[in-house]
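So this block is coords-v1.cif, mmCIF, C-alpha atoms:
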data_start
#
loop_
_atom_site.label_atom_id
_atom_site.label_comp_id
_atom_site.auth_asym_id
_atom_site.auth_seq_id
_atom_site.Cartn_x
_atom_site.Cartn_y
_atom_site.Cartn_z
CA MET A 1 -38.72 10.77 97.32
CA PRO A 2 -42.22 11.95 96.43
CA LEU A 3 -40.73 13.71 93.39
CA LEU A 4 -39.35 10.44 92.04
CA GLN A 5 -42.60 8.69 92.50
CA ARG A 6 -44.51 11.25 90.55
CA ARG A 7 -42.11 10.91 87.68
CA THR A 8 -42.42 7.16 87.34
CA SER A 9 -46.15 7.29 87.41
CA ARG A 10 -46.26 9.48 84.31
CA GLU A 11 -46.21 7.56 81.04
CA ALA A 12 -43.38 8.64 78.74
CA GLU A 13 -44.97 7.66 75.43
CA ILE A 14 -45.41 9.51 72.18
CA PRO A 15 -48.97 9.23 70.96
CA THR A 16 -48.85 7.22 67.76
CA ALA A 17 -52.51 7.34 66.88
CA SER A 18 -52.02 10.25 64.48
CA MET A 19 -48.99 8.67 62.83
CA ALA A 20 -51.10 7.03 60.14
CA ASP A 21 -52.77 10.34 59.32
CA ILE A 22 -49.45 12.13 58.96
CA ALA A 23 -48.14 9.36 56.75
CA PHE A 24 -51.31 9.47 54.69
CA LEU A 25 -50.90 13.17 54.10
CA LEU A 26 -47.33 12.71 52.91
CA LEU A 27 -48.37 9.76 50.79
CA ILE A 28 -51.06 11.76 49.06
CA PHE A 29 -48.62 14.57 48.36
CA PHE A 30 -46.16 12.23 46.68
CA LEU A 31 -48.93 10.42 44.84
CA VAL A 32 -50.04 13.68 43.32
CA THR A 33 -46.59 14.97 42.38
CA THR A 34 -45.15 11.71 41.11
CA THR A 35 -44.54 11.00 37.45
CA ILE A 36 -44.23 7.28 36.95
CA ASN A 37 -44.03 7.30 33.17
CA VAL A 38 -40.57 6.54 31.90
CA ASP A 39 -39.24 8.49 29.00
CA SER A 40 -39.51 6.54 25.81
CA GLY A 41 -38.59 7.25 22.26
CA ILE A 42 -36.44 6.35 19.30
CA TYR A 43 -32.83 5.93 20.27
CA MET A 44 -30.25 7.13 17.78
CA GLN A 45 -26.52 7.45 17.71
CA LEU A 46 -25.24 10.57 15.99
CA PRO A 47 -22.24 10.19 13.71
CA PRO A 48 -19.00 11.42 15.29
CA LYS A 49 -17.62 14.82 14.43
CA LEU A 50 -15.96 15.02 11.05
CA GLU A 51 -12.20 15.35 11.17
CA GLU A 52 -10.78 17.81 8.68
CA ASP A 53 -8.84 15.48 6.43
CA THR A 54 -10.34 12.05 6.89
CA PRO A 55 -12.00 10.90 3.69
CA PRO A 56 -15.53 9.51 4.13
CA PRO A 57 -15.54 5.71 4.42
CA GLU A 58 -16.08 3.90 1.17
CA ILE A 59 -19.43 2.23 0.93
CA ARG A 60 -20.44 0.28 -2.09
CA GLN A 61 -23.51 1.64 -3.72
CA ARG A 62 -25.46 -1.58 -3.39
CA ASN A 63 -25.00 -1.68 0.39
CA LEU A 64 -26.51 1.73 0.83
CA LEU A 65 -30.25 2.31 0.86
CA ALA A 66 -30.78 6.01 0.51
CA VAL A 67 -34.04 7.31 1.96
CA LEU A 68 -34.62 10.90 0.93
CA VAL A 69 -37.58 12.97 2.03
CA ASN A 70 -38.35 16.40 0.65
CA SER A 71 -40.03 19.21 2.53
CA THR A 72 -43.53 18.27 1.38
CA GLY A 73 -43.07 14.73 2.65
CA ASP A 74 -42.48 12.86 -0.61
CA VAL A 75 -40.23 9.87 -0.13
CA LEU A 76 -37.55 8.70 -2.52
CA VAL A 77 -35.92 5.34 -1.76
CA ASP A 78 -32.89 4.59 -3.91
CA GLY A 79 -34.25 6.91 -6.59
CA GLU A 80 -37.77 5.51 -6.59
CA PHE A 81 -40.82 7.38 -5.41
CA MET A 82 -42.56 5.57 -2.56
CA GLN A 83 -45.32 5.78 0.01
CA ILE A 84 -44.23 5.92 3.66
CA SER A 85 -45.88 2.55 4.32
CA GLN A 86 -43.70 0.92 1.63
CA ILE A 87 -40.42 1.90 3.31
CA ARG A 88 -40.55 -0.86 5.89
CA GLY A 89 -40.71 -3.68 3.34
CA GLU A 90 -37.98 -2.08 1.30
CA VAL A 91 -35.64 -1.86 4.30
CA VAL A 92 -36.36 -5.48 5.24
CA ARG A 93 -35.58 -6.58 1.67
CA HIS A 94 -32.41 -4.52 1.66
CA VAL A 95 -31.01 -5.81 4.95
CA THR A 96 -31.96 -9.47 4.57
CA ASN A 97 -30.87 -9.69 0.94
CA GLU A 98 -27.64 -11.63 1.64
CA GLY A 99 -26.30 -10.84 -1.82
CA ARG A 100 -29.15 -12.36 -3.81
CA LEU A 101 -30.50 -9.36 -5.69
CA PRO A 102 -27.86 -7.13 -7.28
CA ASN A 103 -29.18 -3.77 -6.12
CA TYR A 104 -29.67 -4.68 -2.46
CA SER A 105 -27.03 -5.31 0.19
CA GLU A 106 -24.35 -8.02 0.21
CA ASN A 107 -24.88 -8.96 3.85
CA PRO A 108 -26.66 -7.49 6.89
CA ASP A 109 -23.41 -6.37 8.44
CA LEU A 110 -22.59 -4.12 5.50
CA ALA A 111 -26.11 -2.89 4.90
CA ILE A 112 -26.63 0.75 5.71
CA VAL A 113 -29.77 2.81 5.56
CA SER A 114 -29.04 6.43 4.93
CA PHE A 115 -31.73 8.85 5.99
CA LYS A 116 -31.81 12.39 4.78
CA THR A 117 -34.49 15.03 4.64
CA GLU A 118 -34.86 18.55 3.40
CA ARG A 119 -34.67 21.26 6.01
CA GLY A 120 -38.28 22.29 5.62
CA LEU A 121 -39.76 18.92 6.57
CA PRO A 122 -41.88 19.01 9.74
CA TYR A 123 -40.44 16.95 12.57
CA GLY A 124 -43.60 14.84 12.87
CA ARG A 125 -43.07 13.49 9.38
CA TYR A 126 -39.36 12.99 10.04
CA ILE A 127 -40.20 10.74 13.00
CA GLU A 128 -42.81 8.91 10.96
CA VAL A 129 -40.22 7.88 8.38
CA LEU A 130 -37.56 7.11 10.97
CA ASP A 131 -40.10 5.00 12.84
CA GLU A 132 -40.73 2.95 9.69
CA ILE A 133 -37.01 2.29 9.25
CA LYS A 134 -36.58 1.38 12.89
CA SER A 135 -39.68 -0.86 12.78
CA ALA A 136 -38.17 -2.71 9.84
CA TYR A 137 -35.09 -3.53 11.90
CA ILE A 138 -37.21 -4.64 14.83
CA GLU A 139 -39.18 -6.89 12.48
CA ILE A 140 -35.98 -8.44 11.11
CA ARG A 141 -34.57 -8.99 14.58
CA ASP A 142 -37.81 -10.52 15.83
CA ASP A 143 -37.90 -12.92 12.89
CA TYR A 144 -34.32 -14.01 13.36
CA SER A 145 -34.74 -14.32 17.11
CA ARG A 146 -37.74 -16.61 16.58
CA GLN A 147 -35.61 -18.78 14.30
CA VAL A 148 -32.70 -19.20 16.68
CA ALA A 149 -34.37 -18.97 20.08
CA GLY A 150 -38.07 -19.42 19.42
CA VAL A 151 -39.04 -16.19 21.13
CA ASP A 152 -39.24 -12.57 19.98
CA TYR A 153 -36.26 -10.30 20.36
CA THR A 154 -37.30 -8.50 23.55
CA THR A 155 -37.84 -11.81 25.34
CA TYR A 156 -34.57 -13.13 23.97
CA LYS A 157 -32.72 -10.06 25.15
CA GLY A 158 -34.27 -10.40 28.59
CA GLN A 159 -32.99 -13.95 28.84
CA LEU A 160 -29.42 -12.94 28.07
CA GLY A 161 -26.98 -12.79 30.93
CA GLU A 162 -24.55 -9.98 31.61
CA ASP A 163 -21.73 -11.40 29.50
CA ASP A 164 -23.72 -13.34 26.93
CA GLU A 165 -23.33 -12.32 23.37
CA ASP A 166 -26.43 -10.93 21.74
CA ALA A 167 -26.34 -13.09 18.61
CA VAL A 168 -29.31 -11.35 17.03
CA ALA A 169 -27.86 -7.87 17.38
CA THR A 170 -24.51 -9.11 16.06
CA LYS A 171 -26.16 -10.68 13.05
CA TYR A 172 -28.37 -7.68 12.29
CA PRO A 173 -26.73 -4.50 13.56
CA ILE A 174 -28.87 -1.41 13.20
CA LYS A 175 -27.02 0.90 10.88
CA ILE A 176 -29.04 3.97 10.21
CA SER A 177 -26.93 6.82 9.00
CA LEU A 178 -28.16 10.31 9.55
CA ALA A 179 -26.54 11.83 6.52
CA GLU A 180 -24.59 15.05 6.57
CA PRO A 181 -27.03 17.88 6.08
CA ASP A 182 -26.52 20.10 3.08
CA PRO A 183 -24.32 22.97 4.09
CA GLY A 184 -25.42 26.53 3.61
CA VAL A 185 -29.12 25.93 3.04
CA GLY A 186 -30.97 28.33 5.25
CA GLY A 187 -27.71 29.19 6.97
CA ALA A 188 -29.26 29.49 10.43
CA ALA A 189 -26.22 28.14 12.22
CA ALA A 190 -22.54 28.04 11.57
CA PRO A 191 -21.70 24.85 9.70
CA ALA A 192 -19.36 22.39 11.37
CA GLY A 193 -15.69 23.19 11.15
CA MET B 1 -77.70 -25.03 62.77
CA SER B 2 -78.13 -21.30 62.90
CA VAL B 3 -77.40 -21.34 66.60
CA HIS B 4 -73.97 -22.79 65.90
CA PHE B 5 -73.20 -20.07 63.46
CA LYS B 6 -74.22 -17.38 65.85
CA LYS B 7 -72.05 -18.76 68.57
CA LYS B 8 -68.98 -18.83 66.39
CA SER B 9 -69.30 -15.32 65.12
CA ALA B 10 -69.98 -14.03 68.55
CA ASN B 11 -66.73 -15.45 69.83
CA THR B 12 -64.43 -13.96 67.20
CA LYS B 13 -63.28 -10.38 67.29
CA GLN B 14 -65.02 -8.10 64.83
CA ASP B 15 -62.50 -5.30 64.26
CA ILE B 16 -59.56 -5.27 61.87
CA PRO B 17 -56.23 -4.80 63.63
CA THR B 18 -55.00 -1.34 62.72
CA ALA B 19 -51.67 -1.45 64.53
CA SER B 20 -49.74 -2.20 61.34
CA LEU B 21 -51.54 0.45 59.30
CA PRO B 22 -48.88 3.15 59.78
CA ASP B 23 -46.22 0.69 58.66
CA ILE B 24 -48.09 -0.15 55.49
CA ILE B 25 -48.65 3.51 54.72
CA PHE B 26 -44.99 4.25 55.38
CA MET B 27 -43.97 1.53 52.97
CA LEU B 28 -46.14 3.05 50.25
CA LEU B 29 -44.86 6.50 51.14
CA ILE B 30 -41.25 5.44 50.83
CA PHE B 31 -41.94 3.77 47.51
CA PHE B 32 -43.44 6.93 46.06
CA MET B 33 -40.71 9.09 47.56
CA VAL B 34 -38.08 7.00 45.84
CA THR B 35 -39.78 6.81 42.46
CA THR B 36 -40.98 10.38 42.32
CA VAL B 37 -39.42 12.95 40.06
CA LEU B 38 -40.49 16.46 40.85
CA ARG B 39 -40.89 18.54 37.76
CA GLU B 40 -37.87 20.79 37.93
CA THR B 41 -38.16 22.77 34.75
CA GLU B 42 -40.84 25.03 33.50
CA LEU B 43 -41.42 24.61 29.80
CA LEU B 44 -40.91 27.79 27.83
CA VAL B 45 -41.58 26.14 24.48
CA ARG B 46 -44.49 24.08 23.25
CA THR B 47 -43.62 20.44 22.71
CA THR B 48 -46.34 18.33 21.22
CA LEU B 49 -44.51 15.06 20.78
CA PRO B 50 -44.98 12.95 17.67
CA GLN B 51 -46.15 9.36 17.89
CA ALA B 52 -44.13 6.32 16.93
CA GLU B 53 -44.31 2.56 17.17
CA ALA B 54 -40.71 1.40 17.32
CA ILE B 55 -39.86 2.96 20.65
CA GLU B 56 -37.69 1.87 23.54
CA LYS B 57 -37.74 2.92 27.14
CA ILE B 58 -34.73 4.56 28.67
CA GLU B 59 -33.96 2.51 31.72
CA GLN B 60 -31.22 4.63 33.25
CA LYS B 61 -33.05 7.79 34.10
CA ARG B 62 -30.00 9.31 35.73
CA LEU B 63 -28.22 9.50 32.40
CA VAL B 64 -30.94 11.46 30.69
CA SER B 65 -30.62 15.13 30.00
CA TYR B 66 -33.50 16.94 28.36
CA MET B 67 -33.60 19.34 25.49
CA TYR B 68 -36.78 20.99 24.32
CA ILE B 69 -37.30 22.36 20.84
CA GLY B 70 -40.52 23.99 19.82
CA PRO B 71 -42.28 27.25 19.18
CA GLU B 72 -41.82 29.63 22.05
CA LYS B 73 -44.81 30.06 24.32
CA LEU B 74 -46.20 33.57 24.38
CA GLU B 75 -49.04 35.06 26.36
CA GLY B 76 -52.22 33.03 26.31
CA THR B 77 -52.24 30.25 23.78
CA GLN B 78 -50.13 32.05 21.19
CA VAL B 79 -46.82 30.66 20.10
CA GLY B 80 -43.86 32.40 18.50
CA GLU B 81 -40.75 31.41 16.63
CA PRO B 82 -39.15 27.98 17.22
CA ALA B 83 -36.61 28.03 20.04
CA VAL B 84 -34.32 25.63 21.87
CA GLN B 85 -34.59 25.22 25.61
CA ILE B 86 -32.01 23.45 27.74
CA ASP B 87 -32.73 23.08 31.45
CA ASP B 88 -34.70 26.18 32.39
CA ALA B 89 -33.59 28.73 29.83
CA ILE B 90 -33.93 29.34 26.14
CA VAL B 91 -30.69 29.22 24.21
CA ASP B 92 -30.49 32.30 22.01
CA ASP B 93 -27.36 31.45 20.09
CA LEU B 94 -27.29 27.89 18.82
CA THR B 95 -23.48 27.77 18.95
CA GLU B 96 -23.74 27.97 22.74
CA ILE B 97 -25.20 24.47 22.76
CA ARG B 98 -21.82 22.89 22.22
CA ASN B 99 -20.40 24.55 25.34
CA ILE B 100 -23.38 23.68 27.49
CA MET B 101 -23.39 20.09 26.30
CA TYR B 102 -19.63 19.74 26.54
CA ARG B 103 -19.75 20.71 30.19
CA LYS B 104 -22.59 18.27 30.82
CA VAL B 105 -20.89 15.39 29.09
CA LEU B 106 -17.76 15.90 31.15
CA GLU B 107 -19.80 15.14 34.24
CA GLU B 108 -21.53 12.09 32.79
CA PRO B 109 -19.85 10.62 29.71
CA ARG B 110 -22.67 8.16 29.06
CA MET B 111 -25.26 10.91 28.92
CA ILE B 112 -28.28 10.46 26.68
CA ILE B 113 -29.99 13.55 25.38
CA SER B 114 -33.70 13.23 25.23
CA MET B 115 -34.92 15.48 22.46
CA ARG B 116 -38.43 16.61 23.08
CA VAL B 117 -39.24 18.25 19.80
CA ASP B 118 -42.54 19.67 18.71
CA ARG B 119 -44.01 17.85 15.73
CA GLU B 120 -44.30 21.02 13.66
CA VAL B 121 -40.71 22.19 14.01
CA GLU B 122 -38.80 22.06 10.74
CA THR B 123 -36.02 19.51 10.64
CA GLY B 124 -33.56 22.20 9.56
CA LEU B 125 -33.41 23.50 13.12
CA LEU B 126 -33.04 19.94 14.38
CA TYR B 127 -30.07 19.40 12.08
CA ASP B 128 -28.41 22.58 13.32
CA VAL B 129 -28.83 21.42 16.90
CA GLN B 130 -27.52 17.96 16.05
CA GLN B 131 -24.45 19.45 14.42
CA GLU B 132 -23.79 21.27 17.68
CA LEU B 133 -24.23 18.04 19.65
CA ARG B 134 -21.69 16.38 17.40
CA GLU B 135 -19.26 19.18 18.12
CA ALA B 136 -19.70 18.52 21.83
CA GLU B 137 -19.41 14.78 21.16
CA THR B 138 -22.70 14.04 22.83
CA LEU B 139 -23.72 11.44 20.34
CA ARG B 140 -26.33 9.44 22.21
CA ILE B 141 -29.72 10.94 21.57
CA ASN B 142 -33.28 9.86 21.96
CA TYR B 143 -36.15 11.30 19.98
CA SER B 144 -38.82 11.39 22.61
CA THR B 145 -42.14 10.17 21.28
CA THR B 146 -45.40 8.92 22.63
CA ARG B 147 -46.63 5.44 21.87
CA GLU B 148 -48.81 5.09 18.86
CA ALA B 149 -51.93 3.01 19.20
CA PRO B 150 -51.05 -0.09 17.18
CA SER B 151 -52.92 -0.04 13.89
CA GLY B 152 -53.93 -2.97 11.72
CA GLY B 153 -50.67 -3.12 9.80
#
As structure tokens, please, write out the structure in this file.
Amino acid sequence: MPLLQRRTSREAEIPTASMADIAFLLLIFFLVTTTINVDSGIYMQLPPKLEEDTPPPEIRQRNLLAVLVNSTGDVLVDGEFMQISQIRGEVVRHVTNEGRLPNYSENPDLAIVSFKTERGLPYGRYIEVLDEIKSAYIEIRDDYSRQVAGVDYTTYKGQLGEDDEDAVATKYPIKISLAEPDPGVGGAAAPAG
Amino acid sequence: MSVHFKKKSANTKQDIPTASLPDIIFMLLIFFMVTTVLRETELLVRTTLPQAEAIEKIEQKRLVSYMYIGPEKLEGTQVGEPAVQIDDAIVDDLTEIRNIMYRKVLEEPRMIISMRVDREVETGLLYDVQQELREAETLRINYSTTREAPSGG
């Protein structure tokens, strides 16, 4: 009997006063180790592997805008020497031509920008040019989105539901072709096939 | 007037209730635990990323697999020849990339490769790596860049 009494008198509680301190310590650890920044960059789709005997698809010359960059960073767009800052306007003109001028594309769906560089070009410059091409497409899409929906493309895309058709992306598909690299130059790796 | 004020303040309790403090802290803690990504790889190559304007964020972080290309880090601040690093090791033979990537893409077919390439690497090496990626049919890539401060144009 006295044993039972003693037991009930004792309080069976965990002290929770230090709980906040423990949680704070953990919190600070995770605050320090966390990396919130999401990875961002230029998204590209590589062309699929070449099959042995499939001929390359036929593209009419006028639908193709060839952007060539040599190893010192000089840019040649459809055979004309250009500054990097001029590329954007040229791509916009090419894609939104709708068959008006004879040496630009027939319609946005057929328009292709082909991007090719020499092997010696530094990657920083490569991204710079690719960024210009990509920016041109974003500019076109923003313009068209403002026409049809009154908002820029990112807002428009955010408003789309799961099954809604992205009319802007359908109208102006991004077709940047990373051209086949020249085989054998440098010869650092085994060529495909 | 002032007497009234004094009376009021004297009646109310002065201390902030701290009973819910642990709960608040726990909430924050759980948030950071969920969003945190512990750095799992040690970089063996230098990757100074280029800057670009037209960039998108990758929303699905689970799909991302990283590849690092850059001059190999040597002792001190010296750097050596350009090398390719996947996960935690440097790939010596570029033709191995296709096997590594093929195995990865079997696990996650929608995988995106985030290419963290040093700005001074020659594009020739990049092309060789991309040819290997095409062999492995890992076609979704992302050139990782930092955001450029928007200029006047």
Just so the selection is clear, what residues does the PyMOL selection byres ((chain A and resi 62) around 9) cover here, as a PDB file with C-alpha atoms, in the frame of the given file?
ATOM      1  CA  ILE A  59     -19.430   2.230   0.930  1.00  0.00           C
ATOM      2  CA  ARG A  60     -20.440   0.280  -2.090  1.00  0.00           C
ATOM      3  CA  GLN A  61     -23.510   1.640  -3.720  1.00  0.00           C
ATOM      4  CA  ASN A  63     -25.000  -1.680   0.390  1.00  0.00           C
ATOM      5  CA  LEU A  64     -26.510   1.730   0.830  1.00  0.00           C
ATOM      6  CA  LEU A  65     -30.250   2.310   0.860  1.00  0.00           C
ATOM      7  CA  PRO A 102     -27.860  -7.130  -7.280  1.00  0.00           C
ATOM      8  CA  ASN A 103     -29.180  -3.770  -6.120  1.00  0.00           C
ATOM      9  CA  TYR A 104     -29.670  -4.680  -2.460  1.00  0.00           C
ATOM     10  CA  SER A 105     -27.030  -5.310   0.190  1.00  0.00           C
ATOM     11  CA  GLU A 106     -24.350  -8.020   0.210  1.00  0.00           C
ATOM     12  CA  ALA A 111     -26.110  -2.890   4.900  1.00  0.00           C
TER      13      ALA A 111
END
- Item | Test item: the PyMOL selection byres ((chain B and resi 100) around 12) resolved as a PyMOL selection string | chain B and resi 65+67+85-87+89+91+93-99+101-107+132-133+135-138
- Fewer than 4 positions away in the same chain doesn't count, so skip those; otherwise give me all residues within 8 Å of Val91 in chain A, counting only C-alpha atoms, as a VMD selection string. chain A and resid 65 87 95 113 133 136 to 137
- Task: Mind checking which residues fall within 12 Å of Arg62 in chain B, counting only C-alpha atoms, ignoring those fewer than 2 positions away in the same chain, and posting them as a ChimeraX atom specification?
- Result: /A:38-39 /B:37,58-60,64-66,107-114
- Hits from the PyMOL selection byres ((chain B) within 7 of (chain A)), listed as a count of residues only: 38
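Note that the spacing between CA of Glu51 in chain A and CA of Val84 in chain B amounts to 26.6 Å.
If all atoms listed in the file are the atoms counted, then among A:Gln159, A:Asn107, A:Ser114, A:Thr96 the closest residue to Leu76 in chain A is A:Ser114.
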